[in-house]
>>> print(open('work29.cif').read())   # mmCIF, C-alpha atoms
data_coords
loop_
_atom_site.label_atom_id
_atom_site.label_comp_id
_atom_site.auth_asym_id
_atom_site.auth_seq_id
_atom_site.Cartn_x
_atom_site.Cartn_y
_atom_site.Cartn_z
CA MET A 17 -37.78 22.47 72.90
CA PHE A 18 -36.13 23.85 76.05
CA GLU A 19 -38.45 26.85 76.00
CA ASP A 20 -41.51 24.73 75.19
CA LEU A 21 -40.81 22.81 78.41
CA GLY A 22 -40.65 26.03 80.41
CA GLY A 23 -36.88 26.27 80.50
CA GLU A 24 -34.50 29.03 79.53
CA SER A 25 -32.29 28.80 76.46
CA GLU A 26 -29.55 30.77 74.78
CA ILE A 27 -27.61 30.39 71.54
CA LEU A 28 -23.86 30.74 72.03
CA ASP A 29 -22.11 31.46 68.74
CA ASP A 30 -19.73 34.33 69.40
CA LEU A 31 -16.37 32.53 69.14
CA ASN A 32 -14.18 31.34 66.27
CA ASP A 33 -16.86 31.18 63.53
CA SER A 34 -18.16 28.04 65.23
CA PHE A 35 -21.40 26.21 64.67
CA PRO A 36 -23.81 27.31 67.42
CA PHE A 37 -23.88 25.92 70.92
CA ILE A 38 -27.21 25.75 72.74
CA TYR A 39 -27.45 26.41 76.47
CA GLY A 40 -30.51 25.29 78.40
CA PHE A 41 -31.59 25.72 82.02
CA PHE A 42 -34.42 24.30 84.14
CA GLU A 43 -34.82 25.36 87.76
CA ALA A 44 -35.52 22.79 90.46
CA GLY A 45 -39.20 22.44 91.33
CA PRO A 46 -40.96 23.43 94.57
CA GLY A 47 -39.92 20.18 96.24
CA GLY A 48 -36.48 20.09 94.70
CA ASN A 49 -33.00 21.11 95.82
CA LYS A 50 -32.15 24.47 94.25
CA GLU A 51 -28.61 24.20 95.62
CA LYS A 52 -27.79 21.19 93.42
CA THR A 53 -27.17 21.34 89.66
CA ILE A 54 -26.51 18.67 87.03
CA LEU A 55 -25.07 19.56 83.62
CA PHE A 56 -26.01 17.41 80.62
CA TYR A 57 -23.74 17.30 77.59
CA ASN A 58 -25.22 16.44 74.19
CA HIS A 59 -24.62 17.26 70.54
CA PHE A 60 -27.04 17.82 67.66
CA ASP A 61 -24.71 17.18 64.72
CA VAL A 62 -24.48 13.71 63.16
CA GLN A 63 -22.27 11.71 60.83
CA PRO A 64 -22.97 11.79 57.07
CA GLU A 65 -25.58 9.24 55.98
CA GLU A 66 -23.48 7.65 53.23
CA PRO A 67 -23.58 4.98 51.90
CA ILE A 68 -27.25 5.94 51.53
CA GLU A 69 -28.05 2.88 49.38
CA LEU A 70 -27.53 0.65 52.44
CA TRP A 71 -30.32 2.31 54.41
CA ASP A 72 -33.60 0.38 54.57
CA THR A 73 -35.53 3.56 55.47
CA PRO A 74 -34.93 7.28 54.75
CA PRO A 75 -32.03 8.25 57.05
CA PHE A 76 -33.46 11.62 58.10
CA GLN A 77 -37.04 10.44 58.53
CA LEU A 78 -37.76 8.89 61.92
CA THR A 79 -39.18 5.41 61.32
CA GLN A 80 -40.62 2.97 63.87
CA LYS A 81 -40.24 -0.65 62.81
CA ASP A 82 -39.91 -4.02 64.58
CA GLY A 83 -39.71 -2.43 68.02
CA LYS A 84 -36.99 0.02 66.95
CA LEU A 85 -36.67 3.70 66.12
CA ILE A 86 -34.53 4.13 62.99
CA ALA A 87 -32.87 7.35 61.78
CA ARG A 88 -29.48 9.00 61.49
CA GLY A 89 -28.72 10.41 64.94
CA ILE A 90 -31.34 8.42 66.84
CA SER A 91 -28.60 7.02 69.06
CA ASP A 92 -25.74 9.43 68.40
CA ASP A 93 -27.01 11.71 69.78
CA LYS A 94 -30.44 13.23 69.14
CA GLY A 95 -32.37 10.34 70.68
CA GLU A 96 -30.41 10.63 73.92
CA LEU A 97 -31.12 14.35 74.10
CA MET A 98 -34.82 13.60 73.62
CA ALA A 99 -34.76 10.95 76.35
CA ARG A 100 -33.44 13.55 78.77
CA LEU A 101 -36.08 16.07 77.74
CA TYR A 102 -38.83 13.46 78.18
CA ALA A 103 -37.48 12.73 81.67
CA ILE A 104 -37.73 16.43 82.49
CA GLN A 105 -41.27 16.58 81.14
CA MET A 106 -42.31 13.58 83.25
CA LEU A 107 -40.78 15.00 86.44
CA GLN A 108 -42.36 18.40 85.87
CA GLN A 109 -45.75 16.73 86.11
CA THR A 110 -45.08 15.49 89.65
CA GLU A 111 -46.00 17.44 92.77
CA ASP A 112 -42.39 18.20 93.70
CA GLY A 113 -41.27 19.00 90.16
CA LEU A 114 -37.64 18.72 89.10
CA PRO A 115 -35.44 17.35 91.91
CA VAL A 116 -32.41 19.56 91.04
CA ASN A 117 -31.44 22.39 88.73
CA ILE A 118 -30.67 21.12 85.24
CA LYS A 119 -28.35 22.67 82.68
CA PHE A 120 -27.60 21.61 79.13
CA ILE A 121 -24.79 22.40 76.75
CA VAL A 122 -25.56 21.03 73.27
CA GLU A 123 -22.99 21.48 70.52
CA GLY A 124 -23.00 21.12 66.75
CA GLU A 125 -19.35 20.18 66.23
CA GLU A 126 -18.83 16.87 68.05
CA GLU A 127 -18.54 14.81 64.88
CA ILE A 128 -15.72 17.04 63.62
CA GLY A 129 -13.75 16.82 66.85
CA SER A 130 -15.34 19.62 68.93
CA PRO A 131 -12.71 22.19 67.86
CA ASN A 132 -14.31 25.10 69.73
CA ILE A 133 -15.93 23.62 72.82
CA ASP A 134 -13.03 24.28 75.20
CA ALA A 135 -13.06 27.96 74.28
CA TYR A 136 -16.80 28.17 75.00
CA ILE A 137 -16.54 26.28 78.28
CA GLU A 138 -13.73 28.57 79.42
CA LYS A 139 -15.63 31.73 78.46
CA TYR A 140 -18.97 30.57 79.87
CA ALA A 141 -17.66 28.65 82.89
CA ASP A 142 -19.83 30.64 85.30
CA LEU A 143 -22.96 30.02 83.21
CA LEU A 144 -22.22 26.28 83.00
CA GLN A 145 -21.16 25.77 86.60
CA ALA A 146 -22.62 22.58 88.08
CA ASP A 147 -21.99 19.97 90.74
CA VAL A 148 -21.80 17.02 88.37
CA CYS A 149 -21.95 16.32 84.64
CA PHE A 150 -23.69 13.53 82.76
CA TRP A 151 -22.31 12.61 79.34
CA GLU A 152 -23.87 11.31 76.15
CA GLY A 153 -23.14 8.05 74.36
CA GLY A 154 -23.08 4.34 75.00
CA GLY A 155 -25.73 1.93 76.18
CA LYS A 156 -25.96 -1.84 76.44
CA ASN A 157 -23.16 -4.19 75.41
CA VAL A 158 -23.37 -7.57 73.67
CA ASP A 159 -24.37 -9.16 76.99
CA GLU A 160 -27.28 -6.69 77.38
CA ASN A 161 -25.57 -5.05 80.37
CA ILE A 162 -25.73 -1.26 80.65
CA VAL A 163 -22.25 0.29 80.45
CA LEU A 164 -21.44 3.35 82.60
CA SER A 165 -18.36 5.31 81.55
CA GLY A 166 -16.27 7.72 83.57
CA GLY A 167 -14.13 8.96 80.71
CA ILE A 168 -13.21 8.81 77.06
CA LYS A 169 -10.19 8.22 74.90
CA GLY A 170 -8.65 11.16 73.11
CA ILE A 171 -8.16 11.42 69.37
CA ALA A 172 -5.36 12.38 67.02
CA TYR A 173 -6.67 12.14 63.45
CA PHE A 174 -4.35 12.68 60.50
CA ASP A 175 -4.28 12.94 56.76
CA ILE A 176 -1.16 11.19 55.48
CA TRP A 177 -0.24 11.42 51.81
CA VAL A 178 2.40 11.04 49.11
CA ASN A 179 2.94 12.76 45.76
CA SER A 180 5.19 10.79 43.42
CA ALA A 181 4.69 12.55 40.07
CA ASP A 182 2.96 15.50 38.44
CA THR A 183 0.40 13.20 36.81
CA ASP A 184 -0.77 9.60 36.75
CA ILE A 185 1.40 7.52 34.42
CA HIS A 186 0.73 4.53 32.15
CA SER A 187 1.38 1.41 34.22
CA SER A 188 3.86 0.06 31.67
CA LYS A 189 6.30 2.52 33.26
CA GLY A 190 6.02 0.49 36.44
CA ALA A 191 9.14 -1.32 35.29
CA VAL A 192 11.19 1.76 36.20
CA VAL A 193 8.91 4.25 38.02
CA ASN A 194 7.83 4.07 41.65
CA ASN A 195 4.33 5.24 42.50
CA ALA A 196 2.55 6.95 45.37
CA ALA A 197 0.34 4.01 46.28
CA TRP A 198 3.24 1.64 46.92
CA ARG A 199 5.15 4.36 48.71
CA LEU A 200 2.27 5.04 51.07
CA VAL A 201 1.57 1.34 51.66
CA HIS A 202 5.18 0.81 52.72
CA ALA A 203 5.07 3.85 55.00
CA LEU A 204 1.87 2.65 56.67
CA ALA A 205 3.23 -0.87 57.06
CA SER A 206 6.18 0.54 59.00
CA LEU A 207 3.84 1.79 61.75
CA ARG A 208 2.39 -1.53 62.90
CA THR A 209 3.56 -5.11 62.73
CA PRO A 210 1.50 -7.97 61.22
CA ASP A 211 0.87 -9.15 64.79
CA ASN A 212 -0.72 -5.78 65.60
CA LYS A 213 1.95 -4.04 67.66
CA ILE A 214 2.41 -0.32 67.13
CA ILE A 215 6.13 0.17 66.53
CA ILE A 216 6.45 3.94 66.45
CA GLU A 217 9.53 4.58 68.58
CA ASP A 218 8.79 5.70 72.17
CA PHE A 219 5.04 5.51 71.47
CA TYR A 220 4.13 3.54 74.60
CA ASP A 221 6.55 5.37 76.89
CA ILE A 222 4.25 8.34 77.44
CA MET A 223 1.25 6.32 78.60
CA THR A 224 0.10 7.10 82.17
CA GLU A 225 -0.07 4.03 84.38
CA PRO A 226 -3.68 3.23 85.44
CA THR A 227 -4.54 3.47 89.13
CA GLU A 228 -5.13 0.35 91.20
CA LYS A 229 -8.85 1.19 91.35
CA GLU A 230 -9.00 1.47 87.56
CA LYS A 231 -7.19 -1.84 87.15
CA GLU A 232 -9.61 -3.50 89.56
CA VAL A 233 -12.65 -2.13 87.71
CA VAL A 234 -11.34 -3.18 84.29
CA LYS A 235 -10.52 -6.65 85.54
CA ASN A 236 -14.22 -7.09 86.37
CA ILE A 237 -15.51 -5.93 82.97
CA PRO A 238 -17.02 -8.95 81.15
CA PHE A 239 -15.98 -9.60 77.56
CA ASP A 240 -17.32 -12.36 75.32
CA ALA A 241 -15.11 -12.66 72.25
CA GLU A 242 -17.49 -14.98 70.41
CA LYS A 243 -20.42 -12.61 70.87
CA GLU A 244 -18.29 -9.72 69.60
CA LYS A 245 -17.45 -11.72 66.49
CA GLU A 246 -21.10 -12.64 65.97
CA VAL A 247 -22.49 -9.13 66.44
CA TYR A 248 -20.14 -7.54 63.93
CA GLY A 249 -19.68 -10.51 61.62
CA LEU A 250 -15.91 -10.46 62.17
CA LYS A 251 -13.86 -12.40 59.62
CA TYR A 252 -10.56 -12.33 61.51
CA PRO A 253 -9.43 -13.10 65.08
CA LEU A 254 -9.36 -10.27 67.60
CA ILE A 255 -6.03 -8.48 67.44
CA THR A 256 -5.55 -8.93 71.19
CA GLU A 257 -4.87 -12.62 70.53
CA ASP A 258 -1.40 -11.45 69.46
CA LEU A 259 -0.91 -8.96 72.29
CA ASP A 260 0.11 -9.40 75.92
CA TYR A 261 -2.97 -7.71 77.40
CA THR A 262 -6.66 -8.53 77.53
CA PRO A 263 -9.42 -7.12 75.27
CA GLN A 264 -10.79 -5.23 78.28
CA GLU A 265 -7.39 -3.64 78.93
CA ALA A 266 -7.02 -2.84 75.24
CA LEU A 267 -10.38 -1.08 75.07
CA VAL A 268 -9.73 1.05 78.17
CA PHE A 269 -6.02 1.39 78.90
CA TYR A 270 -4.17 1.26 75.57
CA PRO A 271 -3.94 3.59 72.57
CA THR A 272 -4.85 2.44 69.07
CA LEU A 273 -3.72 3.16 65.52
CA THR A 274 -6.33 2.63 62.80
CA ILE A 275 -6.26 3.21 59.05
CA SER A 276 -9.74 4.66 58.57
CA GLY A 277 -9.59 5.07 54.82
CA MET A 278 -7.34 5.01 51.75
CA GLU A 279 -7.55 6.65 48.34
CA SER A 280 -5.32 6.36 45.30
CA GLY A 281 -5.34 5.72 41.57
CA TYR A 282 -8.34 4.30 39.74
CA ASN A 283 -11.22 2.81 41.75
CA GLY A 284 -14.02 2.65 39.20
CA GLU A 285 -15.49 -0.34 37.42
CA GLY A 286 -13.39 -2.25 34.92
CA THR A 287 -9.71 -1.59 34.35
CA LYS A 288 -7.52 1.44 34.01
CA THR A 289 -3.80 0.74 34.05
CA VAL A 290 -2.07 3.65 35.77
CA LEU A 291 0.71 4.41 38.20
CA PRO A 292 -1.01 6.65 40.77
CA SER A 293 0.70 9.99 41.25
CA THR A 294 -0.93 10.59 44.63
CA ALA A 295 -2.04 8.42 47.53
CA LYS A 296 -3.74 9.44 50.76
CA ALA A 297 -4.88 7.70 53.92
CA LYS A 298 -6.74 8.67 57.09
CA LEU A 299 -5.07 7.69 60.38
CA ASP A 300 -7.07 7.53 63.61
CA PHE A 301 -5.15 7.33 66.90
CA ARG A 302 -7.27 6.73 70.02
CA LEU A 303 -5.40 8.14 73.01
CA VAL A 304 -5.32 7.40 76.72
CA PRO A 305 -4.03 9.62 79.56
CA GLY A 306 -0.45 10.71 78.98
CA TYR A 307 -0.93 11.37 75.26
CA THR A 308 -1.60 14.59 73.41
CA ALA A 309 -2.19 14.95 69.68
CA PRO A 310 0.87 17.22 69.19
CA GLU A 311 3.08 14.64 70.93
CA VAL A 312 1.71 11.87 68.69
CA GLU A 313 2.31 14.06 65.64
CA LYS A 314 5.90 14.59 66.75
CA LEU A 315 6.47 10.84 67.23
CA LEU A 316 4.81 9.98 63.90
CA ARG A 317 6.92 12.52 62.01
CA ALA A 318 10.13 11.30 63.66
CA HIS A 319 9.28 7.67 62.84
CA LEU A 320 8.61 8.36 59.17
CA ASP A 321 11.78 10.39 58.81
CA LYS A 322 13.90 7.76 60.57
CA HIS A 323 12.60 5.04 58.24
CA GLY A 324 13.28 6.96 55.06
CA PHE A 325 9.82 8.38 54.46
CA GLU A 326 10.69 12.07 54.67
CA ASP A 327 8.54 12.64 51.56
CA VAL A 328 5.40 11.30 53.27
CA GLN A 329 3.40 14.28 54.48
CA ILE A 330 1.08 14.43 57.48
CA ALA A 331 -1.52 16.92 58.68
CA LEU A 332 -3.31 16.81 62.03
CA LEU A 333 -7.04 17.29 61.36
CA THR A 334 -8.69 16.59 64.71
CA GLU A 335 -7.45 16.38 68.27
CA LEU A 336 -9.13 15.56 71.56
CA MET A 337 -7.59 15.06 74.97
CA PRO A 338 -8.29 11.83 76.89
CA PHE A 339 -9.96 12.01 80.29
CA ARG A 340 -10.94 9.80 83.23
CA THR A 341 -13.07 10.74 86.24
CA ASP A 342 -11.74 9.65 89.64
CA LEU A 343 -13.72 6.46 90.30
CA GLU A 344 -13.47 7.13 94.03
CA ASP A 345 -15.77 10.18 93.64
CA PRO A 346 -19.17 9.71 95.39
CA TYR A 347 -20.98 10.70 92.19
CA VAL A 348 -19.87 7.41 90.63
CA ASP A 349 -21.77 5.48 93.32
CA VAL A 350 -24.94 7.53 92.71
CA VAL A 351 -24.79 6.84 88.95
CA VAL A 352 -24.34 3.11 89.60
CA GLU A 353 -27.15 2.94 92.18
CA ALA A 354 -29.60 4.65 89.84
CA ALA A 355 -28.68 2.21 87.07
CA GLU A 356 -29.20 -0.77 89.36
CA GLU A 357 -32.74 0.38 90.12
CA ILE A 358 -33.67 0.48 86.42
CA TYR A 359 -31.51 -2.22 84.84
CA GLY A 360 -31.09 -4.58 87.79
CA THR A 361 -28.23 -5.41 90.10
CA GLY A 362 -25.69 -7.53 88.26
CA ASN A 363 -26.49 -5.91 84.91
CA ILE A 364 -24.16 -2.94 85.34
CA VAL A 365 -20.69 -2.57 83.81
CA LEU A 366 -18.54 0.29 85.10
CA GLU A 367 -15.57 1.34 82.96
CA PRO A 368 -12.94 4.03 83.67
CA ASN A 369 -13.32 5.27 80.11
CA SER A 370 -15.04 4.21 76.94
CA ALA A 371 -13.14 3.19 73.82
CA GLY A 372 -14.69 6.15 72.00
CA GLY A 373 -13.75 9.82 72.00
CA GLY A 374 -15.32 13.10 73.02
CA PRO A 375 -14.55 16.55 74.46
CA MET A 376 -14.67 15.69 78.18
CA TYR A 377 -11.27 17.13 79.04
CA GLY A 378 -12.33 20.78 78.98
CA PHE A 379 -15.26 20.10 81.34
CA ASP A 380 -12.77 18.95 83.96
CA GLU A 381 -10.26 21.68 83.14
CA PHE A 382 -12.67 24.62 83.37
CA LEU A 383 -15.66 23.35 85.38
CA LYS A 384 -13.97 20.89 87.76
CA VAL A 385 -16.92 18.48 87.74
CA PRO A 386 -16.97 14.67 87.96
CA ILE A 387 -18.30 13.21 84.72
CA MET A 388 -20.19 9.99 84.13
CA GLY A 389 -22.41 8.87 81.30
CA THR A 390 -24.29 6.24 79.35
CA GLY A 391 -26.81 6.16 76.55
CA ILE A 392 -29.75 4.38 74.95
CA GLY A 393 -27.85 2.33 72.38
CA TRP A 394 -27.25 -1.42 72.17
CA ALA A 395 -24.73 -3.72 70.50
CA LYS A 396 -26.41 -3.43 67.08
CA THR A 397 -27.34 0.24 67.26
CA ASN A 398 -25.21 0.96 64.14
CA VAL A 399 -23.76 4.24 65.32
CA HIS A 400 -22.10 6.04 62.37
CA ALA A 401 -23.44 3.33 60.03
CA PRO A 402 -26.54 2.75 57.88
CA ASN A 403 -29.78 1.89 59.70
CA GLU A 404 -28.78 3.53 62.97
CA ASN A 405 -31.40 2.53 65.51
CA VAL A 406 -32.45 2.24 69.13
CA ARG A 407 -34.90 -0.22 70.59
CA LEU A 408 -38.04 1.33 72.05
CA GLN A 409 -37.50 -0.55 75.31
CA ASP A 410 -34.00 0.90 75.65
CA PHE A 411 -35.35 4.38 74.96
CA TYR A 412 -38.02 4.03 77.66
CA GLU A 413 -35.49 2.64 80.13
CA GLY A 414 -33.19 5.55 79.32
CA VAL A 415 -35.94 8.01 80.24
CA ALA A 416 -36.62 6.16 83.50
CA TYR A 417 -32.91 6.05 84.31
CA ILE A 418 -32.49 9.82 83.96
CA MET A 419 -35.55 10.39 86.15
CA THR A 420 -34.13 8.06 88.80
CA LEU A 421 -30.65 9.63 88.65
CA LEU A 422 -32.07 13.14 89.09
CA GLU A 423 -34.07 12.02 92.13
CA LYS A 424 -30.99 10.46 93.70
CA LEU A 425 -28.97 13.64 93.18
CA LYS A 426 -31.51 15.61 95.24
#
>>> encode(input="work29.cif", output="structure tokens")
Amino acid sequence: MFEDLGGESEILDDLNDSFPFIYGFFEAGPGGNKEKTILFYNHFDVQPEEPIELWDTPPFQLTQKDGKLIARGISDDKGELMARLYAIQMLQQTEDGLPVNIKFIVEGEEEIGSPNIDAYIEKYADLLQADVCFWEGGGKNVDENIVLSGGIKGIAYFDIWVNSADTDIHSSKGAVVNNAAWRLVHALASLRTPDNKIIIEDFYDIMTEPTEKEKEVVKNIPFDAEKEKEVYGLKYPLITEDLDYTPQEALVFYPTLTISGMESGYNGEGTKTVLPSTAKAKLDFRLVPGYTAPEVEKLLRAHLDKHGFEDVQIALLTELMPFRTDLEDPYVDVVVEAAEEIYGTGNIVLEPNSAGGGPMYGFDEFLKVPIMGTGIGWAKTNVHAPNENVRLQDFYEGVAYIMTLLEKLK
């Protein structure tokens, strides 16, 4: 697609047995500024489609229905890549052509934690050099305001498991035999209180204090708890009702600990009376500045050992560093101004970082560029879920926004 639009492209796949990275380049047009370059980050891999029975249309067949485009990856992140390419195509048809040089780095490993991207950015730093970077992901919130993010949370994702016997055992032995499922449940329960406080010792001590500018921005982020409950069909109160900080502060400034999945014993239809010999869970920590995955692993291991769970094993599967762009950077103002032209003044939400994760850190480390981003999603876009979709109107606005942003960068 890059080459079909008259751009240059290159496949980068020479490090660490990685999935390929795609580099793209488009030179500024005759009326553009060839001294200015924007770098777009996107990814072409997607989450698995399961549970496939909950899809109303084939997940890998693009379907237009009820004013929406439906397919796995339409929002995260193939649709956003296409919106950027359409913006380039539209601008190429103008007399001046592209306002600035445009580079792309598109990876195929984002959904598994981008394990190789830092190595590629470091090796190809000269090739990827730019003045600013625009990130993928996001879109409109429950209030239909477009959200602009200057950072992401990091990730520390673990397998945690217990082996209690060489084989599953008849449950009648439960009178005298412990089992892995109970052991793991007790270990997990030691990590967070019923009122939702993470109680891993020293866990909050390593958090970097937000700047005054960041605090000011977060204070102005709107949040409608009732709309959140309605959009997602929540059955329980928000956990921040038990905490001493606001939902906005929780989403931006504080780390999280989530049990993403559990597996043990018999889970089929009907009954099977066993004592499970193994039990496993997936733990997802979302990290803010100050945290690293190895430090979280160290604290988690120390906590389990201190509370008598030396037998509970952990393995770090995925790690990403958190990152925030300096909100005082002039690029932030340009991104906001372009959004106001398309979405309207008063319909813009600026956040220091999103609640989601991504490999931003290396772009700052090796390219030294300010990073901002948004996407074409909406509150019911179903990212990572069945019937992932974007509304046509949001897609068209996303194209117009990129065109406007590129013109303002000139």
>>> resolve_selection(input="work29.cif", expression="the PyMOL selection byres ((chain A and resi 366-368) around 9)", output="JSON, numbers by chain")
{"A": [162, 163, 164, 165, 166, 167, 168, 230, 231, 233, 234, 236, 237, 268, 269, 340, 341, 342, 343, 352, 364, 365, 369, 370]}
>>> atom_distance(input="work29.cif", atom1="CA of Lys251 (chain A)", atom2="CA of Asn161 (chain A)")
24.9 Å
>>> closest_residue(input="work29.cif", among="A:Ser34, A:Ala172, A:Leu207, A:Met17", to="Arg100 (chain A)", atoms="all atoms listed in the file")
A:Met17
>>> closest_residue(input="work29.cif", among="A:Pro210, A:Gly155, A:Gly47, A:Gly284", to="Thr110 (chain A)", atoms="all atoms listed in the file")
A:Gly47
>>> closest_atom_pairs(input="work29.cif", of="region 274-343 of chain A", to="region 122-139 of chain A", cutoff="8 Å", atoms="only C-alpha atoms", output="Markdown table")
| residue | atom | partner | partner_atom | distance |
| --- | --- | --- | --- | --- |
| A:Thr334 | CA | A:Gly129 | CA | 5.5 |
| A:Glu335 | CA | A:Gly129 | CA | 6.5 |
| A:Leu336 | CA | A:Gly129 | CA | 6.7 |
>>> closest_residue(input="work29.cif", among="A:Asn58, A:Thr79, A:Thr73, A:Thr289", to="Leu101 (chain A)", atoms="all atoms listed in the file")
A:Asn58
>>> residues_around(input="work29.cif", residues="Gly306 (chain A)", least_positions_apart="4", cutoff="10 Å", atoms="only C-alpha atoms", output="number ranges by chain")
A: 220-225, 311, 337-339
>>> write_last_selection(input="work29.cif", atoms="C-alpha atoms", output="short mmCIF file (atom, residue, chain, number, x, y, z; two decimals), keeping the file's coordinate frame")
data_model
loop_
_atom_site.label_atom_id
_atom_site.label_comp_id
_atom_site.auth_asym_id
_atom_site.auth_seq_id
_atom_site.Cartn_x
_atom_site.Cartn_y
_atom_site.Cartn_z
CA TYR A 220 4.13 3.54 74.60
CA ASP A 221 6.55 5.37 76.89
CA ILE A 222 4.25 8.34 77.44
CA MET A 223 1.25 6.32 78.60
CA THR A 224 0.10 7.10 82.17
CA GLU A 225 -0.07 4.03 84.38
CA GLU A 311 3.08 14.64 70.93
CA MET A 337 -7.59 15.06 74.97
CA PRO A 338 -8.29 11.83 76.89
CA PHE A 339 -9.96 12.01 80.29
#
>>> closest_residue(input="work29.cif", among="A:Lys426, A:Ile275, A:Ala266, A:Phe411", to="Ala103 (chain A)", atoms="only C-alpha atoms")
A:Phe411
>>> closest_residue(input="work29.cif", among="A:Leu267, A:Ile86, A:Leu28, A:Ala241", to="Tyr140 (chain A)", atoms="only C-alpha atoms")
A:Leu28
>>> closest_residue(input="work29.cif", among="A:Leu315, A:Ile330, A:Ile358, A:Leu97", to="Asn179 (chain A)", atoms="only C-alpha atoms")
A:Ile330
>>> resolve_selection(input="work29.cif", expression="the PyMOL selection byres ((chain A and resi 373) around 7)", output="count of residues only")
7
>>> resolve_selection(input="work29.cif", expression="the PyMOL selection byres ((chain A and resi 320) around 10)", output="number ranges by chain")
A: 203-204, 206-207, 216, 315-319, 321-330
>>> write_last_selection(input="work29.cif", atoms="C-alpha atoms", output="compact mmCIF listing (two decimals), keeping the file's coordinate frame")
# COMPACT_ATOMS: atom_id res chain seq x y z
CA ALA A 203 5.07 3.85 55.00
CA LEU A 204 1.87 2.65 56.67
CA SER A 206 6.18 0.54 59.00
CA LEU A 207 3.84 1.79 61.75
CA ILE A 216 6.45 3.94 66.45
CA LEU A 315 6.47 10.84 67.23
CA LEU A 316 4.81 9.98 63.90
CA ARG A 317 6.92 12.52 62.01
CA ALA A 318 10.13 11.30 63.66
CA HIS A 319 9.28 7.67 62.84
CA ASP A 321 11.78 10.39 58.81
CA LYS A 322 13.90 7.76 60.57
CA HIS A 323 12.60 5.04 58.24
CA GLY A 324 13.28 6.96 55.06
CA PHE A 325 9.82 8.38 54.46
CA GLU A 326 10.69 12.07 54.67
CA ASP A 327 8.54 12.64 51.56
CA VAL A 328 5.40 11.30 53.27
CA GLN A 329 3.40 14.28 54.48
CA ILE A 330 1.08 14.43 57.48
>>> atom_distance(input="work29.cif", atom1="CA of Lys424 (chain A)", atom2="CA of Phe379 (chain A)")
22.2 Å
>>> residues_around(input="work29.cif", residues="Lys243 (chain A)", least_positions_apart="2", cutoff="10 Å", atoms="only C-alpha atoms", output="PyMOL selection string")
chain A and resi 157-159+239-241+245-249+395
>>> write_last_selection(input="work29.cif", atoms="C-alpha atoms", output="JSON list (two decimals), keeping the file's coordinate frame")
[["chain", "number", "residue", "atom", "x", "y", "z"],
["A", 157, "ASN", "CA", -23.16, -4.19, 75.41],
["A", 158, "VAL", "CA", -23.37, -7.57, 73.67],
["A", 159, "ASP", "CA", -24.37, -9.16, 76.99],
["A", 239, "PHE", "CA", -15.98, -9.60, 77.56],
["A", 240, "ASP", "CA", -17.32, -12.36, 75.32],
["A", 241, "ALA", "CA", -15.11, -12.66, 72.25],
["A", 245, "LYS", "CA", -17.45, -11.72, 66.49],
["A", 246, "GLU", "CA", -21.10, -12.64, 65.97],
["A", 247, "VAL", "CA", -22.49, -9.13, 66.44],
["A", 248, "TYR", "CA", -20.14, -7.54, 63.93],
["A", 249, "GLY", "CA", -19.68, -10.51, 61.62],
["A", 395, "ALA", "CA", -24.73, -3.72, 70.50]]
>>> residues_around(input="work29.cif", residues="Ser180 (chain A)", least_positions_apart="5", cutoff="6 Å", atoms="only C-alpha atoms", output="short mmCIF file (atom, residue, chain, number, x, y, z; two decimals) with C-alpha atoms, keeping the file's coordinate frame")
data_model
loop_
_atom_site.label_atom_id
_atom_site.label_comp_id
_atom_site.auth_asym_id
_atom_site.auth_seq_id
_atom_site.Cartn_x
_atom_site.Cartn_y
_atom_site.Cartn_z
CA ASN A 195 4.33 5.24 42.50
CA ALA A 196 2.55 6.95 45.37
CA SER A 293 0.70 9.99 41.25
#
>>> residues_around(input="work29.cif", residues="region 384-391 of chain A", least_positions_apart="2", cutoff="9 Å", atoms="only C-alpha atoms", output="number ranges by chain")
A: 91-93, 96, 145-156, 162-167, 340-342, 345, 347-348, 351, 376, 378-382, 393-394, 410-411, 414
>>> write_last_selection(input="work29.cif", atoms="C-alpha atoms", output="short mmCIF file (atom, residue, chain, number, x, y, z; two decimals), in the coordinates of the input")
data_model
loop_
_atom_site.label_atom_id
_atom_site.label_comp_id
_atom_site.auth_asym_id
_atom_site.auth_seq_id
_atom_site.Cartn_x
_atom_site.Cartn_y
_atom_site.Cartn_z
CA SER A 91 -28.60 7.02 69.06
CA ASP A 92 -25.74 9.43 68.40
CA ASP A 93 -27.01 11.71 69.78
CA GLU A 96 -30.41 10.63 73.92
CA GLN A 145 -21.16 25.77 86.60
CA ALA A 146 -22.62 22.58 88.08
CA ASP A 147 -21.99 19.97 90.74
CA VAL A 148 -21.80 17.02 88.37
CA CYS A 149 -21.95 16.32 84.64
CA PHE A 150 -23.69 13.53 82.76
CA TRP A 151 -22.31 12.61 79.34
CA GLU A 152 -23.87 11.31 76.15
CA GLY A 153 -23.14 8.05 74.36
CA GLY A 154 -23.08 4.34 75.00
CA GLY A 155 -25.73 1.93 76.18
CA LYS A 156 -25.96 -1.84 76.44
CA ILE A 162 -25.73 -1.26 80.65
CA VAL A 163 -22.25 0.29 80.45
CA LEU A 164 -21.44 3.35 82.60
CA SER A 165 -18.36 5.31 81.55
CA GLY A 166 -16.27 7.72 83.57
CA GLY A 167 -14.13 8.96 80.71
CA ARG A 340 -10.94 9.80 83.23
CA THR A 341 -13.07 10.74 86.24
CA ASP A 342 -11.74 9.65 89.64
CA ASP A 345 -15.77 10.18 93.64
CA TYR A 347 -20.98 10.70 92.19
CA VAL A 348 -19.87 7.41 90.63
CA VAL A 351 -24.79 6.84 88.95
CA MET A 376 -14.67 15.69 78.18
CA GLY A 378 -12.33 20.78 78.98
CA PHE A 379 -15.26 20.10 81.34
CA ASP A 380 -12.77 18.95 83.96
CA GLU A 381 -10.26 21.68 83.14
CA PHE A 382 -12.67 24.62 83.37
CA GLY A 393 -27.85 2.33 72.38
CA TRP A 394 -27.25 -1.42 72.17
CA ASP A 410 -34.00 0.90 75.65
CA PHE A 411 -35.35 4.38 74.96
CA GLY A 414 -33.19 5.55 79.32
#
